[in-house]
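The next block holds one structure in the form of structure tokens; read it before the comments.
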Amino acid sequence: MLYNMNAQMMDAMRPIHILSRMTRQFLYQPVNPLNYGWTFRTMRAWLETVERLTDCYETPTWELDATEIDGREVAIEYEVIVDRPYCNLLHFRRENAPENQPKVMMIAPLSGHYATLLRGTVREFLPDHEVYITDWKNARDVPMADGAFHFDDYVDYLIEFCRALGPDVHVIAVCQPCVPALVAASLMSKDNDPCLPASMTLMGGPIDVRINPTEVNDYASGKDLEWFEDNVICRVPRGFTGRGQLVYPGFIQLSGFMSMNMDSHVSKHFKFFADLVKGDGESAEGHRLFYNEYLSVMDMPAHYYLDTIRRVFLDQALPKGEMDYRGSRIDLADITDMAMMTVEGELDDITGRGQTSCALELCSEIAEDRKQHLEAEGVGHYGIFNGRRFREMIAPKVKAFIAEQPKRASEHKDLAVVEAVEPVVEEATPQPAPVAAISKSSPSASAPEPASAISPPPARKPRAPRKPAPSKPKTETPE
């Protein structure tokens, strides 16, 4: 119902969008002496604002075709290393790149936006790192024959990607993936996996949402799971490859985020209009680039979304020591041989201060001299991984942290084929189960065990919850 209503609304606005664009282009005639006058600038500014508000934003492109290494420009090719139904592991392969540069796997959030949201993060690391990223696919384009996707499948993907890259990979998890990244590290540590990341940097992740809860946390934890099932889960209609899939539509996610900061978005569009009238092209272009990315959204798998709501926001399972993976208890104390850095923004209104740095206390068996915390003054959530302050204050500290980690192995072994974790694929049925049945039973208990999955650790008694106030060893605050 919601899917069809949104499609009809976008179709209704399409003529307005086309008319606004054509009129704006017609009014811009370089030979017209009135072209640069106040009246024509105002008319074009109004038309472009209407044009952008009625546009349907498609999948963004990476636009990272070259980078500079040692003063020379080198071309970049996009290479899929691992192809899975819901995600690709994408490699930004640089021509004639120096050998032995650190391997970095960036885990992009699966939270409604495309992985291109981390374009600026990738660009900053390309000159001196071998960069890989999790390129999530739009759930509406995944056929039902490929099965459903749960939180535990997300963890499987991360372990498989780490094994595909081999020893000494450094992981950077941004926002939502911080929790499954920790679960994957715990499992790999328990199994003495040689491909355990050498370091893990957690940036603005909701590890413990009980600490300084934000409006986003209150929204997610203020309702029961049945409310989300009944109100925000839709079935993909005909016309899409994933017809029949249960999804959390991107347009609902976007409307929720925009409604939380509506005053800010309205003021930014008024400023955009004023910049166009004044002829401030640089500020106007910055607005275009930001909203081209922000307004491009994709559908999330419903099972994964509901799993995350339940485990992270309702149950707070990880900080309480109650997180399970396929029926086995996760213990972050199993992580010993991995360095860890946490990054938080002082003005983060999505992930409150302390929600990420608490991971340093939860991973109690990591040596204190291998832990580091960075709090960026005057930085909001998106500023943690994008923008000028990220480039000047945060990225150099993360790079230095990665550089100081010793290598574990002298040579790389390709373990992708031998030890990769195969994702769980559930058999599709012609008539999927009703929405309300998604979370009535734990997906971990009903999902079949993958053929080459990690042997689950024996069940252990849940550990007593730690105090939510995090310790912050080796804290640094950028000046």
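Every chain in the structure tokens has a letter given in the order shown (A, B, ...), and although residue numbers restart at 1 in each chain, ligands are simply numbered from 1 in the order shown.
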Legend entry - Who sits within 7 Å of range 300-312 of chain A, only C-alpha atoms, same chain under 5 positions skipped, as a list in words: Ser111, Gly112, Asn138, Ala139, Phe149, His150, Phe151, Ala220, Leu225, Ile233, Leu246, Val247, Tyr248, Pro249, Ala317 and Ile438 of chain A
Serialized selection, N, CA, C and O atoms, as a short mmCIF file (atom, residue, chain, number, x, y, z; two decimals), in the first residue's frame:
data_model
loop_
_atom_site.label_atom_id
_atom_site.label_comp_id
_atom_site.auth_asym_id
_atom_site.auth_seq_id
_atom_site.Cartn_x
_atom_site.Cartn_y
_atom_site.Cartn_z
N SER A 111 21.70 1.22 6.34
CA SER A 111 20.70 1.96 7.11
C SER A 111 19.86 2.87 6.22
O SER A 111 19.37 3.90 6.67
N GLY A 112 19.72 2.51 4.95
CA GLY A 112 18.86 3.28 4.08
C GLY A 112 19.58 4.04 3.00
O GLY A 112 19.02 4.30 1.94
N ASN A 138 20.33 -2.74 -2.99
CA ASN A 138 18.95 -2.39 -2.70
C ASN A 138 18.12 -3.66 -2.56
O ASN A 138 18.06 -4.47 -3.49
N ALA A 139 17.50 -3.85 -1.40
CA ALA A 139 16.79 -5.10 -1.14
C ALA A 139 15.65 -5.35 -2.11
O ALA A 139 15.28 -6.49 -2.37
N PHE A 149 17.53 -12.08 4.73
CA PHE A 149 18.80 -11.58 5.26
C PHE A 149 18.58 -11.11 6.68
O PHE A 149 17.81 -10.17 6.93
N HIS A 150 19.28 -11.78 7.63
CA HIS A 150 19.15 -11.48 9.06
C HIS A 150 20.44 -10.83 9.59
O HIS A 150 21.44 -10.72 8.88
N PHE A 151 20.39 -10.44 10.83
CA PHE A 151 21.55 -9.88 11.51
C PHE A 151 22.72 -10.87 11.48
O PHE A 151 23.87 -10.48 11.23
N ALA A 220 13.67 4.60 18.19
CA ALA A 220 13.82 3.17 17.97
C ALA A 220 13.43 2.35 19.19
O ALA A 220 12.93 1.23 19.06
N LEU A 225 8.34 -4.12 19.06
CA LEU A 225 8.69 -4.66 17.75
C LEU A 225 7.46 -4.80 16.85
O LEU A 225 7.55 -4.62 15.63
N ILE A 233 7.00 -1.95 7.69
CA ILE A 233 7.45 -3.06 6.84
C ILE A 233 6.47 -3.22 5.67
O ILE A 233 5.27 -3.26 5.85
N LEU A 246 10.12 -8.79 1.80
CA LEU A 246 9.72 -7.91 2.89
C LEU A 246 10.86 -6.92 3.13
O LEU A 246 12.01 -7.34 3.35
N VAL A 247 10.54 -5.63 3.10
CA VAL A 247 11.58 -4.61 3.21
C VAL A 247 11.12 -3.48 4.12
O VAL A 247 9.92 -3.29 4.39
N TYR A 248 12.12 -2.74 4.61
CA TYR A 248 11.88 -1.45 5.24
C TYR A 248 12.21 -0.41 4.17
O TYR A 248 13.37 -0.16 3.89
N PRO A 249 11.20 0.21 3.54
CA PRO A 249 11.46 1.07 2.39
C PRO A 249 12.32 2.28 2.71
O PRO A 249 12.19 2.88 3.79
N ALA A 317 21.47 -5.85 23.75
CA ALA A 317 22.02 -7.16 24.06
C ALA A 317 23.54 -7.16 24.19
O ALA A 317 24.08 -7.83 25.08
N ILE A 438 7.45 -12.32 11.31
CA ILE A 438 8.89 -12.18 11.10
C ILE A 438 9.68 -12.45 12.36
O ILE A 438 10.66 -13.17 12.37
#
Using only C-alpha atoms, which residues of range 274-363 of chain A come within 6 Å of range 184-197 of chain A, and what is the closest atom pair for each, with the distance in Å to one decimal? Give it as CSV, sorted by chain and residue number.
residue,atom,partner,partner_atom,distance
A:Leu332,CA,A:Ser186,CA,5.6
A:Asp334,CA,A:Ser186,CA,5.7
A:Ile335,CA,A:Ser186,CA,5.4
For the residues in that selection, give me N, CA, C and O atoms as a PDB file, in the first residue's frame.
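Final output, part23.pdb:
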ATOM      1  N   LEU A 332      32.605 -10.458  24.310  1.00  0.00           N
ATOM      2  CA  LEU A 332      33.606  -9.551  23.756  1.00  0.00           C
ATOM      3  C   LEU A 332      34.960  -9.701  24.441  1.00  0.00           C
ATOM      4  O   LEU A 332      35.975  -9.233  23.903  1.00  0.00           O
ATOM      5  N   ASP A 334      36.504 -12.296  24.491  1.00  0.00           N
ATOM      6  CA  ASP A 334      37.277 -13.216  23.645  1.00  0.00           C
ATOM      7  C   ASP A 334      38.244 -12.476  22.727  1.00  0.00           C
ATOM      8  O   ASP A 334      39.201 -13.056  22.227  1.00  0.00           O
ATOM      9  N   ILE A 335      37.980 -11.187  22.489  1.00  0.00           N
ATOM     10  CA  ILE A 335      38.838 -10.403  21.602  1.00  0.00           C
ATOM     11  C   ILE A 335      40.091  -9.992  22.367  1.00  0.00           C
ATOM     12  O   ILE A 335      40.010  -9.258  23.352  1.00  0.00           O
TER      13      ILE A 335
END
Legend entry - Selected residue, from A:Thr121, A:Asn96, A:Thr336, A:Asn386, that lies nearest to Glu368 in chain A when counting only C-alpha atoms: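 Looking at the shortest contact to Glu368 in chain A, the residue is A:Thr336.
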Inset, instruction - Please identify all polymer residues within 7 Å of Trp136 in chain A, counting only C-alpha atoms, omitting same-chain residues fewer than 5 positions from it, and present them as a PyMOL selection string. - result: chain A and resi 86-88+110+114-115
Dump C-alpha atoms for the selected residues as a compact mmCIF listing (two decimals), in the first residue's frame?
# COMPACT_ATOMS: atom_id res chain seq x y z
CA TYR A 86 22.82 -8.54 -0.61
CA CYS A 87 26.31 -7.04 -0.78
CA ASN A 88 29.47 -6.82 -2.85
CA LEU A 110 23.15 -0.66 5.91
CA TYR A 114 24.00 3.70 -0.33
CA ALA A 115 27.66 2.99 0.43
Inset, instruction - Return as a ChimeraX atom specification the full set of residues in range 112-313 of chain A whose backbone-based DSSP assignment is alpha helix (DSSP H). - result: /A:119-125,151-165,178-190,215-221,225-231,250-260,262-278,281-294,302-308
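Take CA of Ser364 in chain A and CA of Ala333 in chain A: the distance between them is 5.6 Å.
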Inset, instruction - Could you jot down the CA of Met203 in chain A to CA of His381 in chain A separation for me, Å, one decimal place? - result: 9.1 Å
Identify, on the basis of only C-alpha atoms, every residue whose closest approach to Thr214 in chain A does not exceed 9 Å; exclude the query and any residue fewer than 3 positions from it along the same chain; express the result as a PDB file with C-alpha atoms, in the first residue's frame.
ATOM      1  CA  VAL A 209      22.256   3.189  23.408  1.00  0.00           C
ATOM      2  CA  ASN A 217      17.554   6.190  20.005  1.00  0.00           C
ATOM      3  CA  ASP A 218      14.284   7.244  21.639  1.00  0.00           C
ATOM      4  CA  TYR A 219      12.396   6.676  18.389  1.00  0.00           C
ATOM      5  CA  ASP A 348      26.584  13.938  17.287  1.00  0.00           C
ATOM      6  CA  ASP A 349      22.768  13.953  17.430  1.00  0.00           C
ATOM      7  CA  ILE A 350      22.377  10.394  16.114  1.00  0.00           C
ATOM      8  CA  THR A 351      24.830   8.441  18.274  1.00  0.00           C
ATOM      9  CA  GLY A 352      25.338  10.071  21.673  1.00  0.00           C
TER      10      GLY A 352
END
Inset, instruction - Give the strand (DSSP E or B) residues of range 61-257 of chain A, as DSSP finds them on the backbone, and put them as a VMD selection string. - result: chain A and resid 66 to 69 72 to 84 87 to 94 103 to 107 113 130 to 136 169 to 174 199 to 203 234 to 235 246 to 248
Distance table requested - range 97-200 of chain A against range 205-208 of chain A, cut-off 10 Å, only C-alpha atoms: one row per qualifying residue with the closest atom pair and its distance in Å to one decimal, ordered by chain and rising residue number, as a tab-separated table.
residue	atom	partner	partner_atom	distance
A:Pro109	CA	A:Gly205	CA	9.8
A:Ala173	CA	A:Gly205	CA	8.0
A:Val174	CA	A:Gly205	CA	6.5
A:Cys175	CA	A:Gly205	CA	3.9
A:Gln176	CA	A:Gly205	CA	5.6
A:Pro177	CA	A:Gly205	CA	7.2
A:Cys178	CA	A:Gly205	CA	5.2
A:Val179	CA	A:Ile207	CA	5.9
A:Pro180	CA	A:Ile207	CA	9.7
A:Leu182	CA	A:Ile207	CA	9.1
Legend entry - Minimum-distance residue to Glu285 in chain A, chosen among A:Arg123, A:Lys271, A:Pro102, A:Ala198 (using only C-alpha atoms): A:Lys271
Inset, instruction - Name the closest residue to Asp337 in chain A among the candidates A:Ile18, A:Met200, A:Met13, A:Leu374; distances are taken between atoms, counting only C-alpha atoms. - result: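 Closest to Asp337 in chain A of all the choices is A:Met200.
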Legend entry - Who sits within 9 Å of Met106 in chain A, only C-alpha atoms, same chain under 6 positions skipped, as a ChimeraX atom specification: /A:118,121-122,131-134,170-174
Inset, instruction - Find the residue from A:Phe273, A:Tyr154, A:Phe125, A:Phe401 that sits nearest to Arg94 in chain A; use only C-alpha atoms when measuring. - result: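 Closest to Arg94 in chain A of all the choices is A:Phe125.
In this comparison, which uses only C-alpha atoms, the residue of A:Pro406, A:Gly242, A:Pro213, A:Gly204 approaching Gly380 in chain A most closely is A:Gly204.
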Legend entry - Using only C-alpha atoms: which of A:Ala367, A:Leu90, A:Val50, A:Val155 has the shortest distance to Phe272 in chain A: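 Answer, going by the shortest atom-to-atom distance: A:Val50.
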Legend entry - Separation of CA of Val398 in chain A from CA of Ile76 in chain A, in Å and rounded to one decimal: 22.9 Å
